Amino acid sequence: RWRRSGAEDKVVGAGRLSKVKETDVLSMFFDSPSPKHSLSIHNIVREGASFGIVPGHWVGPYVLCQTFNKIFNKGGNSRAAEFLEAPIAMHLVAEAGGIPTLYRSRGYEAAGPSPWKPLLTLIPVTLGVTPSINPCYVPQILTVLSMPQSVGIIGGKPGSSVYVIGRQSDRILYLDPHTLKPCYSEGGKGQGTTDAQGEGEDIADSYFCDAIHHMLCGKLDPSLALGFYCRTKEDFNDLYGRLEALATKHPTTSLVSLAEEPQPEKDYNGLSTEIEGFQLY
């Protein structure tokens with residue numbers, strides 16, 4: 001959601017129902033290098049250094065997704081979700097070139113055996129080589145944003161980053177992260193910081209947007225990342241089916257390919273081929 005609606009949400013995970021305070025969620029983003037504020041700008045820069053993140057430089061969706069994956073799965077645990085008492089698993093679908101492939105088996109593996117952990121799936125894609133996405137992908141992007149599992153798109157437009165949260169007709173709805181707001185952290189009051197334990201309305205309001213913007217989907221930068229949240233295994237299977245149907249409808253320009261599981265690598269050791277008198281090993 002982009003507007004504040006309530007101070008508590010009910011989150012289901014690991015077979016139990018727990019109440020999550022709004023301030024607990026916001027605490028992850030406090031401007032502090034402390035590990036418990038795992039999604040602060042400090043920790044994103046530190047953990048993303050190995051992927052090329054440098055303060056003051058542009059960060060693309062692919063690198064950002066790699067960094068999120070490292071933060072969530074650091075040490076084999078979802079540290080970003082520990083405080084929720086409802087573990088969240090993250091699945092990064094990223095290929096070294098070409099169309100990314102979502103394997104159903106790897107989704108199951110990422111969510112753990114039993115019970116199922118709510119699964120956040122990120123799929124970085126590149127949809128063209130021009131300043132805006134290839135028009136052939138626009139219908140698919142609009143369809144993806146209509147899927148119930150969609151949590152939006154990390155992307156941009158010329159000169160700025162945007163967070164796409166939905167669609168209306170052929171236009172996309174997005175939030176602008178460039179609006180300046182007061183900084184709240186665990187530091188003392190003064191110099192733009194406020195004690196995080198105050199839990200005041202001002203603290204929470206500074207993490208939400210006051211306005212929503214829209215633009216034509218075709219204006220998006222071709223480098224973006226699709227995000228999906230599957231609370232249950234049934235949600236994931238439903239998402240897989242929806243993406244599979246979308247890929248079938250657009251066989252030559254699909255956003256993502258799908259398969260039940262990766263094919264085993266072929267062993268070429270010991271094989272040889274004769275071609276016009278030459279033997280290749």
# chains A, B, ... in the order shown; residues from 1 in each chain; ligands from 1
>>> residues_around(residues="A:Leu239", least_positions_apart="4", cutoff="7 Å", atoms="only C-alpha atoms", output="VMD selection string")
chain A and resid 149 235 243
>>> write_last_selection(atoms="C-alpha atoms", output="PDB file, in the first residue's frame")
ATOM      1  CA  GLN A 149       0.615 -11.561  -6.554  1.00  0.00           C
ATOM      2  CA  ASP A 235      -0.415 -18.454  -4.507  1.00  0.00           C
ATOM      3  CA  LEU A 243       2.968 -16.276 -16.149  1.00  0.00           C
TER       4      LEU A 243
END
>>> select_by_dssp(residues="stretch 26-237 of chain A", states="alpha helix (DSSP H)", output="number ranges by chain")
A: 26-27, 41-48, 61-72, 104-110, 138-145, 201-205, 233-237
>>> closest_residue(among="A:Gly227, A:Gly48, A:Gly159, A:Gly107", to="A:Leu122", atoms="only C-alpha atoms")
A:Gly227
>>> residues_around(residues="A:Ala259", least_positions_apart="4", cutoff="9 Å", atoms="only C-alpha atoms", output="list in words")
Thr101, Leu102, Tyr103, Arg104, Ser105 and Glu244 of chain A
>>> atom_distance(atom1="atom CA of A:Pro262", atom2="atom CA of A:Phe72")
23.6 Å
>>> residues_around(residues="A:Asp238", least_positions_apart="6", cutoff="12 Å", atoms="only C-alpha atoms", output="list in words")
Arg104, Met147, Pro148, Gln149, Ser150, Phe228, Tyr229, Cys230, Arg231, Thr232, Glu244 and Ala245 of chain A
>>> atom_distance(atom1="atom CA of A:Ala204", atom2="atom CA of A:Tyr174")
20.0 Å
>>> atom_distance(atom1="atom CA of A:Thr126", atom2="atom CA of A:Leu246")
17.2 Å
>>> closest_residue(among="A:Cys183, A:Val63, A:Val93, A:Val144", to="A:Leu258", atoms="only C-alpha atoms")
A:Val93
>>> select_by_dssp(residues="stretch 80-257 of chain A", states="strand (DSSP E or B)", output="PyMOL selection string")
chain A and resi 89-92+101-103+119-126+150-157+160-168+171-175+185+190+193+195+213-216+223-230+257
